[in-house]
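Visitor: Next up, model-v9.cif (mmCIF, N, CA and C atoms).
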data_upload
loop_
_atom_site.label_atom_id
_atom_site.label_comp_id
_atom_site.auth_asym_id
_atom_site.auth_seq_id
_atom_site.Cartn_x
_atom_site.Cartn_y
_atom_site.Cartn_z
N ALA A 622 29.99 6.61 75.50
CA ALA A 622 29.78 7.13 74.17
C ALA A 622 31.10 7.26 73.42
N GLN A 623 32.15 7.65 74.11
CA GLN A 623 33.45 7.77 73.46
C GLN A 623 33.99 6.38 73.09
N GLU A 624 33.84 5.42 73.99
CA GLU A 624 34.30 4.06 73.72
C GLU A 624 33.60 3.44 72.52
N LYS A 625 32.33 3.76 72.32
CA LYS A 625 31.55 3.20 71.21
C LYS A 625 31.71 4.00 69.92
N GLY A 626 32.41 5.14 69.98
CA GLY A 626 32.66 5.94 68.80
C GLY A 626 31.58 6.95 68.45
N TYR A 627 30.64 7.19 69.35
CA TYR A 627 29.58 8.16 69.08
C TYR A 627 30.10 9.59 69.22
N VAL A 628 31.04 9.78 70.14
CA VAL A 628 31.64 11.08 70.40
C VAL A 628 33.14 10.90 70.22
N LEU A 629 33.72 11.63 69.28
CA LEU A 629 35.14 11.46 68.97
C LEU A 629 35.99 12.62 69.44
N GLY A 630 35.38 13.67 69.95
CA GLY A 630 36.12 14.84 70.38
C GLY A 630 36.11 15.90 69.30
N VAL A 631 36.78 17.00 69.57
CA VAL A 631 36.84 18.09 68.61
C VAL A 631 38.04 17.88 67.70
N GLY A 632 38.31 18.80 66.81
CA GLY A 632 39.32 18.66 65.77
C GLY A 632 40.62 17.98 66.15
N ASP A 633 41.15 18.26 67.32
CA ASP A 633 42.42 17.64 67.72
C ASP A 633 42.20 16.46 68.66
N ASN A 634 41.00 15.87 68.62
CA ASN A 634 40.60 14.73 69.45
C ASN A 634 40.56 15.04 70.93
N THR A 635 40.48 16.32 71.29
CA THR A 635 40.29 16.73 72.67
C THR A 635 38.82 16.54 73.00
N PHE A 636 38.56 15.91 74.11
CA PHE A 636 37.18 15.67 74.54
C PHE A 636 36.78 16.80 75.48
N LEU A 637 35.69 17.49 75.16
CA LEU A 637 35.24 18.64 75.95
C LEU A 637 33.85 18.36 76.53
N PRO A 638 33.76 17.58 77.60
CA PRO A 638 32.46 17.16 78.12
C PRO A 638 31.59 18.29 78.66
N ASP A 639 32.18 19.41 79.04
CA ASP A 639 31.40 20.51 79.60
C ASP A 639 31.10 21.61 78.57
N ALA A 640 31.55 21.43 77.34
CA ALA A 640 31.33 22.45 76.31
C ALA A 640 29.90 22.36 75.79
N PRO A 641 29.34 23.49 75.38
CA PRO A 641 28.00 23.45 74.76
C PRO A 641 28.06 22.61 73.48
N VAL A 642 26.93 22.07 73.10
CA VAL A 642 26.85 21.23 71.90
C VAL A 642 25.93 21.91 70.89
N SER A 643 26.31 21.83 69.62
CA SER A 643 25.49 22.42 68.57
C SER A 643 24.42 21.41 68.14
N ARG A 644 23.43 21.90 67.43
CA ARG A 644 22.36 21.03 66.93
C ARG A 644 22.93 20.01 65.94
N GLU A 645 23.90 20.41 65.11
CA GLU A 645 24.49 19.48 64.16
C GLU A 645 25.31 18.40 64.89
N GLU A 646 25.91 18.74 66.02
CA GLU A 646 26.64 17.74 66.80
C GLU A 646 25.69 16.71 67.40
N VAL A 647 24.53 17.14 67.85
CA VAL A 647 23.52 16.21 68.36
C VAL A 647 23.14 15.21 67.27
N ALA A 648 22.90 15.72 66.07
CA ALA A 648 22.57 14.84 64.94
C ALA A 648 23.70 13.86 64.67
N LEU A 649 24.94 14.34 64.74
CA LEU A 649 26.10 13.48 64.49
C LEU A 649 26.19 12.36 65.53
N PHE A 650 25.98 12.69 66.81
CA PHE A 650 26.03 11.67 67.86
C PHE A 650 24.98 10.57 67.61
N LEU A 651 23.76 11.00 67.29
CA LEU A 651 22.67 10.04 67.06
C LEU A 651 22.91 9.22 65.79
N TRP A 652 23.43 9.88 64.76
CA TRP A 652 23.76 9.22 63.49
C TRP A 652 24.79 8.12 63.72
N ARG A 653 25.83 8.43 64.49
CA ARG A 653 26.85 7.42 64.81
C ARG A 653 26.27 6.30 65.65
N ALA A 654 25.40 6.64 66.60
CA ALA A 654 24.78 5.60 67.44
C ALA A 654 23.94 4.64 66.61
N ALA A 655 23.37 5.14 65.51
CA ALA A 655 22.53 4.31 64.64
C ALA A 655 23.35 3.55 63.60
N GLY A 656 24.66 3.73 63.61
CA GLY A 656 25.50 3.01 62.67
C GLY A 656 25.86 3.81 61.44
N SER A 657 25.60 5.09 61.44
CA SER A 657 25.89 6.02 60.34
C SER A 657 24.94 5.80 59.16
N ALA A 658 25.05 6.69 58.21
CA ALA A 658 24.12 6.71 57.08
C ALA A 658 24.32 5.53 56.14
N ASN A 659 23.24 5.20 55.45
CA ASN A 659 23.35 4.18 54.41
C ASN A 659 23.27 4.79 53.03
N GLY A 660 23.14 6.09 52.95
CA GLY A 660 23.11 6.80 51.69
C GLY A 660 21.74 7.22 51.22
N THR A 661 20.69 6.55 51.68
CA THR A 661 19.34 6.87 51.23
C THR A 661 18.98 8.32 51.52
N GLU A 662 19.32 8.79 52.70
CA GLU A 662 18.96 10.15 53.09
C GLU A 662 19.65 11.20 52.21
N LEU A 663 20.78 10.85 51.64
CA LEU A 663 21.50 11.81 50.81
C LEU A 663 20.86 11.97 49.43
N LEU A 664 19.94 11.09 49.09
CA LEU A 664 19.21 11.24 47.83
C LEU A 664 18.40 12.53 47.81
N PHE A 665 18.07 13.03 48.98
CA PHE A 665 17.26 14.23 49.11
C PHE A 665 18.08 15.48 49.41
N ALA A 666 19.38 15.40 49.29
CA ALA A 666 20.25 16.53 49.64
C ALA A 666 19.88 17.79 48.86
N ASP A 667 19.64 17.68 47.57
CA ASP A 667 19.26 18.85 46.78
C ASP A 667 17.95 19.46 47.26
N THR A 668 17.01 18.60 47.59
CA THR A 668 15.71 19.07 48.10
C THR A 668 15.91 19.80 49.43
N TYR A 669 16.70 19.22 50.33
CA TYR A 669 16.96 19.86 51.63
C TYR A 669 17.70 21.17 51.43
N ASP A 670 18.68 21.19 50.52
CA ASP A 670 19.44 22.42 50.28
C ASP A 670 18.54 23.54 49.78
N LYS A 671 17.54 23.20 48.99
CA LYS A 671 16.61 24.21 48.47
C LYS A 671 15.59 24.63 49.52
N HIS A 672 15.15 23.68 50.35
CA HIS A 672 14.11 23.97 51.34
C HIS A 672 14.63 24.80 52.52
N PHE A 673 15.76 24.39 53.07
CA PHE A 673 16.28 25.04 54.27
C PHE A 673 17.16 26.22 53.87
N THR A 674 16.73 27.40 54.24
CA THR A 674 17.40 28.62 53.80
C THR A 674 18.84 28.74 54.31
N ASP A 675 19.17 28.04 55.39
CA ASP A 675 20.52 28.12 55.95
C ASP A 675 21.29 26.81 55.82
N SER A 676 20.91 25.96 54.89
CA SER A 676 21.56 24.65 54.76
C SER A 676 23.04 24.77 54.44
N GLY A 677 23.44 25.84 53.75
CA GLY A 677 24.84 26.05 53.41
C GLY A 677 25.73 26.30 54.62
N GLU A 678 25.13 26.61 55.75
CA GLU A 678 25.90 26.86 56.97
C GLU A 678 26.24 25.58 57.72
N THR A 679 25.61 24.47 57.35
CA THR A 679 25.89 23.19 58.01
C THR A 679 27.30 22.74 57.66
N ALA A 680 28.06 22.33 58.66
CA ALA A 680 29.44 21.89 58.44
C ALA A 680 29.46 20.65 57.53
N ASP A 681 30.49 20.57 56.70
CA ASP A 681 30.62 19.41 55.81
C ASP A 681 30.64 18.10 56.59
N TRP A 682 31.30 18.09 57.75
CA TRP A 682 31.42 16.87 58.54
C TRP A 682 30.09 16.47 59.18
N ALA A 683 29.12 17.37 59.20
CA ALA A 683 27.83 17.10 59.83
C ALA A 683 26.69 16.94 58.83
N ARG A 684 26.91 17.29 57.58
CA ARG A 684 25.83 17.33 56.59
C ARG A 684 25.10 15.99 56.46
N ALA A 685 25.80 14.88 56.31
CA ALA A 685 25.14 13.58 56.17
C ALA A 685 24.31 13.25 57.42
N ALA A 686 24.84 13.57 58.59
CA ALA A 686 24.13 13.29 59.84
C ALA A 686 22.87 14.15 59.97
N VAL A 687 22.97 15.42 59.62
CA VAL A 687 21.81 16.32 59.69
C VAL A 687 20.74 15.86 58.71
N TYR A 688 21.13 15.53 57.49
CA TYR A 688 20.16 15.09 56.49
C TYR A 688 19.56 13.74 56.87
N TRP A 689 20.34 12.89 57.50
CA TRP A 689 19.82 11.62 58.02
C TRP A 689 18.76 11.89 59.08
N ALA A 690 19.05 12.84 59.99
CA ALA A 690 18.11 13.17 61.07
C ALA A 690 16.81 13.75 60.50
N ILE A 691 16.91 14.52 59.43
CA ILE A 691 15.70 15.05 58.78
C ILE A 691 14.94 13.90 58.12
N TYR A 692 15.64 13.09 57.36
CA TYR A 692 15.04 11.97 56.63
C TYR A 692 14.33 11.00 57.58
N LYS A 693 14.95 10.73 58.72
CA LYS A 693 14.40 9.79 59.70
C LYS A 693 13.39 10.44 60.65
N GLU A 694 13.11 11.74 60.44
CA GLU A 694 12.17 12.50 61.27
C GLU A 694 12.62 12.60 62.73
N ILE A 695 13.92 12.74 62.91
CA ILE A 695 14.52 12.91 64.23
C ILE A 695 14.77 14.40 64.50
N TRP A 696 15.15 15.12 63.48
CA TRP A 696 15.47 16.55 63.60
C TRP A 696 14.26 17.34 64.07
N CYS A 697 14.49 18.34 64.89
CA CYS A 697 13.41 19.23 65.31
C CYS A 697 13.76 20.65 64.89
N GLY A 698 12.77 21.49 64.87
CA GLY A 698 13.00 22.89 64.53
C GLY A 698 13.70 23.62 65.66
N VAL A 699 14.16 24.82 65.38
CA VAL A 699 14.80 25.64 66.41
C VAL A 699 13.71 26.10 67.37
N GLY A 700 13.78 25.62 68.60
CA GLY A 700 12.79 25.99 69.60
C GLY A 700 11.40 25.44 69.32
N ALA A 701 11.31 24.42 68.47
CA ALA A 701 10.00 23.86 68.09
C ALA A 701 10.14 22.38 67.79
N VAL A 702 9.06 21.67 67.97
CA VAL A 702 9.07 20.24 67.67
C VAL A 702 9.10 20.01 66.16
N SER A 703 8.32 20.78 65.44
CA SER A 703 8.26 20.58 63.99
C SER A 703 9.39 21.33 63.28
N VAL A 704 9.80 20.77 62.15
CA VAL A 704 10.86 21.37 61.35
C VAL A 704 10.26 22.49 60.49
N GLY A 705 10.94 23.61 60.48
CA GLY A 705 10.47 24.74 59.65
C GLY A 705 11.29 24.84 58.38
N ASP A 706 11.70 26.05 58.04
CA ASP A 706 12.48 26.23 56.82
C ASP A 706 13.92 26.63 57.10
N THR A 707 14.33 26.57 58.37
CA THR A 707 15.73 26.78 58.73
C THR A 707 16.20 25.61 59.58
N LEU A 708 17.50 25.33 59.50
CA LEU A 708 18.08 24.24 60.27
C LEU A 708 18.66 24.71 61.60
N GLY A 709 19.29 25.86 61.60
CA GLY A 709 19.97 26.32 62.81
C GLY A 709 21.01 25.33 63.28
N ALA A 710 21.68 24.67 62.35
CA ALA A 710 22.59 23.58 62.67
C ALA A 710 23.73 23.99 63.58
N LYS A 711 24.24 25.19 63.42
CA LYS A 711 25.37 25.64 64.22
C LYS A 711 24.95 26.23 65.57
N GLN A 712 23.67 26.45 65.75
CA GLN A 712 23.19 27.02 67.01
C GLN A 712 23.39 26.02 68.14
N GLU A 713 23.63 26.55 69.32
CA GLU A 713 23.72 25.71 70.50
C GLU A 713 22.37 25.03 70.72
N ALA A 714 22.39 23.74 70.94
CA ALA A 714 21.16 22.99 71.16
C ALA A 714 20.65 23.23 72.58
N SER A 715 19.39 23.54 72.69
CA SER A 715 18.80 23.67 74.03
C SER A 715 18.57 22.27 74.59
N ARG A 716 18.39 22.21 75.88
CA ARG A 716 18.10 20.92 76.51
C ARG A 716 16.83 20.32 75.93
N ALA A 717 15.84 21.18 75.68
CA ALA A 717 14.57 20.71 75.12
C ALA A 717 14.77 20.14 73.72
N GLU A 718 15.58 20.80 72.89
CA GLU A 718 15.83 20.31 71.53
C GLU A 718 16.55 18.97 71.56
N ILE A 719 17.50 18.83 72.47
CA ILE A 719 18.22 17.56 72.59
C ILE A 719 17.25 16.45 72.99
N VAL A 720 16.39 16.72 73.95
CA VAL A 720 15.42 15.72 74.39
C VAL A 720 14.46 15.36 73.26
N VAL A 721 13.97 16.34 72.51
CA VAL A 721 13.06 16.05 71.40
C VAL A 721 13.76 15.14 70.40
N MET A 722 15.01 15.45 70.05
CA MET A 722 15.73 14.60 69.09
C MET A 722 15.98 13.20 69.65
N MET A 723 16.26 13.11 70.94
CA MET A 723 16.48 11.79 71.55
C MET A 723 15.18 10.97 71.56
N VAL A 724 14.07 11.60 71.89
CA VAL A 724 12.78 10.91 71.89
C VAL A 724 12.42 10.49 70.46
N ASN A 725 12.62 11.39 69.51
CA ASN A 725 12.36 11.05 68.11
C ASN A 725 13.24 9.88 67.66
N TYR A 726 14.50 9.90 68.08
CA TYR A 726 15.42 8.80 67.76
C TYR A 726 14.89 7.49 68.33
N GLN A 727 14.50 7.52 69.58
CA GLN A 727 13.96 6.32 70.24
C GLN A 727 12.71 5.81 69.51
N ASP A 728 11.81 6.73 69.15
CA ASP A 728 10.57 6.35 68.45
C ASP A 728 10.84 5.80 67.06
N LYS A 729 11.78 6.41 66.33
CA LYS A 729 12.01 6.04 64.93
C LYS A 729 13.02 4.91 64.77
N ILE A 730 14.06 4.90 65.58
CA ILE A 730 15.13 3.91 65.45
C ILE A 730 14.96 2.78 66.45
N GLY A 731 14.45 3.12 67.63
CA GLY A 731 14.14 2.11 68.64
C GLY A 731 15.31 1.50 69.35
N GLU A 732 16.40 2.24 69.48
CA GLU A 732 17.56 1.70 70.19
C GLU A 732 17.73 2.40 71.50
#
For this file, write the structure as structure tokens.
Guide:
Amino acid sequence: AQEKGYVLGVGDNTFLPDAPVSREEVALFLWRAAGSANGTELLFADTYDKHFTDSGETADWARAAVYWAIYKEIWCGVGAVSVGDTLGAKQEASRAEIVVMMVNYQDKIGE
């Protein structure tokens, strides 16, 4: 994953393989694996910002990836398969949430 550019490390390029991963980081990994955004998903940024009560908490570096995951129906709710009205982007991703996003990625992107 690091060789292909899906995982680039943290701010100082330190790779932390045993560190917990946030939900927004999961979206970023999948977004990079898919070749990054093409811009279409960002057309709905205002709609997402209004719908998700905690959208302002999403890191700037992860916003395009999170919105891509929502647009592509890869994103899952916190502790749920369906997306609700919060993103919980900074929350640590559970193993179940990671698997749901990976399965959704496989179903929607097919890679």
Visitor: Return the single residue from A:Ala690, A:Leu708, A:Ala640, A:Leu664 that is closest to A:Asn725, with distances computed using only C-alpha atoms.
Guide: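 Distance minimum relative to A:Asn725 lands on A:Ala690.
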Visitor: Translate the PyMOL selection byres ((chain A and resi 710-722) around 6.5) into a concrete residue list for this structure, as a list in words.
Guide: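 For this structure, the PyMOL selection byres ((chain A and resi 710-722) around 6.5) resolves to Pro641, Val642, Ser643, Arg644, Glu645, Glu646, Glu678, Thr679, Ile695, Trp696, Cys697, Gly700, Thr707, Leu708, Gly709, Met723, Val724, Asn725, Tyr726 and Gln727 of chain A.
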Visitor: Taking all atoms of stretch 709-726 of chain A that the file lists, what box with edges along x, y and z, padded by 3 Å per side, do you get, with centre and edge lengths in Å to one decimal, as AutoDock Vina command-line options?
Guide:
--center_x 18.9 --center_y 17.3 --center_z 69.1 --size_x 19.0 --size_y 25.5 --size_z 20.9
Visitor: Could you jot down the atom CA of A:Leu651 to atom CA of A:Trp682 separation for me, Å, one decimal place?
Guide: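 Taking atom CA of A:Leu651 as the start and atom CA of A:Trp682 as the end point, the length is 14.0 Å.
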Visitor: Of the candidates A:Leu649, A:Pro638, A:Gly731, A:Tyr688, which shows the shortest atom-to-atom distance to A:Thr661, using all atoms listed in the file?
Guide: A:Tyr688
Visitor: When you draw a straight line from atom CA of A:Asn659 to atom CA of A:Val687, how long is it in Å?
Guide: 13.3 Å
Visitor: Could you check how far atom C of A:Phe650 sits from atom N of A:Asp675, in Å to one decimal?
Guide: 22.1 Å
Visitor: Just the residues within 7 Å of A:Trp652, please, counting all atoms listed in the file, with nothing from its chain fewer than 5 positions along; format it as a PDB file with N, CA and C atoms, in the coordinates of the input.
Guide:
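Final file, selection-v5.pdb:
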ATOM      1  N   VAL A 647      24.530  17.140  67.850  1.00  0.00           N
ATOM      2  CA  VAL A 647      23.520  16.210  68.360  1.00  0.00           C
ATOM      3  C   VAL A 647      23.140  15.210  67.270  1.00  0.00           C
ATOM      4  N   SER A 657      25.600   5.090  61.440  1.00  0.00           N
ATOM      5  CA  SER A 657      25.890   6.020  60.340  1.00  0.00           C
ATOM      6  C   SER A 657      24.940   5.800  59.160  1.00  0.00           C
ATOM      7  N   ALA A 658      25.050   6.690  58.210  1.00  0.00           N
ATOM      8  CA  ALA A 658      24.120   6.710  57.080  1.00  0.00           C
ATOM      9  C   ALA A 658      24.320   5.530  56.140  1.00  0.00           C
ATOM     10  N   ALA A 686      24.840  13.570  58.590  1.00  0.00           N
ATOM     11  CA  ALA A 686      24.130  13.290  59.840  1.00  0.00           C
ATOM     12  C   ALA A 686      22.870  14.150  59.970  1.00  0.00           C
ATOM     13  N   ALA A 690      19.050  12.840  59.990  1.00  0.00           N
ATOM     14  CA  ALA A 690      18.110  13.170  61.070  1.00  0.00           C
ATOM     15  C   ALA A 690      16.810  13.750  60.500  1.00  0.00           C
TER      16      ALA A 690
END
Visitor: Can you tell me, as a PDB file with N, CA and C atoms, in the coordinates of the input, which residues in stretch 648-685 of chain A count as alpha helix (DSSP H) by DSSP?
Guide:
ATOM      1  N   ALA A 648      22.900  15.720  66.070  1.00  0.00           N
ATOM      2  CA  ALA A 648      22.570  14.840  64.940  1.00  0.00           C
ATOM      3  C   ALA A 648      23.700  13.860  64.670  1.00  0.00           C
ATOM      4  N   LEU A 649      24.940  14.340  64.740  1.00  0.00           N
ATOM      5  CA  LEU A 649      26.100  13.480  64.490  1.00  0.00           C
ATOM      6  C   LEU A 649      26.190  12.360  65.530  1.00  0.00           C
ATOM      7  N   PHE A 650      25.980  12.690  66.810  1.00  0.00           N
ATOM      8  CA  PHE A 650      26.030  11.670  67.860  1.00  0.00           C
ATOM      9  C   PHE A 650      24.980  10.570  67.610  1.00  0.00           C
ATOM     10  N   LEU A 651      23.760  11.000  67.290  1.00  0.00           N
ATOM     11  CA  LEU A 651      22.670  10.040  67.060  1.00  0.00           C
ATOM     12  C   LEU A 651      22.910   9.220  65.790  1.00  0.00           C
ATOM     13  N   TRP A 652      23.430   9.880  64.760  1.00  0.00           N
ATOM     14  CA  TRP A 652      23.760   9.220  63.490  1.00  0.00           C
ATOM     15  C   TRP A 652      24.790   8.120  63.720  1.00  0.00           C
ATOM     16  N   ARG A 653      25.830   8.430  64.490  1.00  0.00           N
ATOM     17  CA  ARG A 653      26.850   7.420  64.810  1.00  0.00           C
ATOM     18  C   ARG A 653      26.270   6.300  65.650  1.00  0.00           C
ATOM     19  N   ALA A 654      25.400   6.640  66.600  1.00  0.00           N
ATOM     20  CA  ALA A 654      24.780   5.600  67.440  1.00  0.00           C
ATOM     21  C   ALA A 654      23.940   4.640  66.610  1.00  0.00           C
ATOM     22  N   ALA A 666      19.380  15.400  49.290  1.00  0.00           N
ATOM     23  CA  ALA A 666      20.250  16.530  49.640  1.00  0.00           C
ATOM     24  C   ALA A 666      19.880  17.790  48.860  1.00  0.00           C
ATOM     25  N   ASP A 667      19.640  17.680  47.570  1.00  0.00           N
ATOM     26  CA  ASP A 667      19.260  18.850  46.780  1.00  0.00           C
ATOM     27  C   ASP A 667      17.950  19.460  47.260  1.00  0.00           C
ATOM     28  N   THR A 668      17.010  18.600  47.590  1.00  0.00           N
ATOM     29  CA  THR A 668      15.710  19.070  48.100  1.00  0.00           C
ATOM     30  C   THR A 668      15.910  19.800  49.430  1.00  0.00           C
ATOM     31  N   TYR A 669      16.700  19.220  50.330  1.00  0.00           N
ATOM     32  CA  TYR A 669      16.960  19.860  51.630  1.00  0.00           C
ATOM     33  C   TYR A 669      17.700  21.170  51.430  1.00  0.00           C
ATOM     34  N   ASP A 670      18.680  21.190  50.520  1.00  0.00           N
ATOM     35  CA  ASP A 670      19.440  22.420  50.280  1.00  0.00           C
ATOM     36  C   ASP A 670      18.540  23.540  49.780  1.00  0.00           C
ATOM     37  N   LYS A 671      17.540  23.200  48.990  1.00  0.00           N
ATOM     38  CA  LYS A 671      16.610  24.210  48.470  1.00  0.00           C
ATOM     39  C   LYS A 671      15.590  24.630  49.520  1.00  0.00           C
ATOM     40  N   HIS A 672      15.150  23.680  50.350  1.00  0.00           N
ATOM     41  CA  HIS A 672      14.110  23.970  51.340  1.00  0.00           C
ATOM     42  C   HIS A 672      14.630  24.800  52.520  1.00  0.00           C
ATOM     43  N   ASP A 681      30.490  20.570  56.700  1.00  0.00           N
ATOM     44  CA  ASP A 681      30.620  19.410  55.810  1.00  0.00           C
ATOM     45  C   ASP A 681      30.640  18.100  56.590  1.00  0.00           C
ATOM     46  N   TRP A 682      31.300  18.090  57.750  1.00  0.00           N
ATOM     47  CA  TRP A 682      31.420  16.870  58.540  1.00  0.00           C
ATOM     48  C   TRP A 682      30.090  16.470  59.180  1.00  0.00           C
ATOM     49  N   ALA A 683      29.120  17.370  59.200  1.00  0.00           N
ATOM     50  CA  ALA A 683      27.830  17.100  59.830  1.00  0.00           C
ATOM     51  C   ALA A 683      26.690  16.940  58.830  1.00  0.00           C
ATOM     52  N   ARG A 684      26.910  17.290  57.580  1.00  0.00           N
ATOM     53  CA  ARG A 684      25.830  17.330  56.590  1.00  0.00           C
ATOM     54  C   ARG A 684      25.100  15.990  56.460  1.00  0.00           C
ATOM     55  N   ALA A 685      25.800  14.880  56.310  1.00  0.00           N
ATOM     56  CA  ALA A 685      25.140  13.580  56.170  1.00  0.00           C
ATOM     57  C   ALA A 685      24.310  13.250  57.420  1.00  0.00           C
TER      58      ALA A 685
END
Visitor: Give the answer as one residue: which of A:Ile730, A:Ala685, A:Asp706, A:Gly677 has the shortest atom-to-atom distance to A:Ala648, using all atoms listed in the file?
Guide: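 Looking only at the distances to A:Ala648, the closest residue turns out to be A:Ala685.
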Visitor: Show me the residues close to (11.8, 24.1, 54.3) - anything with an atom within 6 Å, counting only C-alpha atoms - and format the list as a list in words.
Guide: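 Counting only C-alpha atoms, I find these residues within 6 Å of (11.8, 24.1, 54.3): His672, Phe673, Gly705 and Asp706 of chain A.
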Visitor: Go through A:Arg684, A:Val704, A:Lys729, A:Asp639 one by one, measure the shortest atom-to-atom distance of each to A:Asp667 using only C-alpha atoms, and give the residue with the smallest value.
Guide: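 Using only C-alpha atoms, the shortest distance to A:Asp667 belongs to A:Arg684.
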Visitor: Give me every strand (DSSP E or B) residue in stretch 633-714 of chain A, going by DSSP on the backbone, as a count of residues only.
Guide: 4
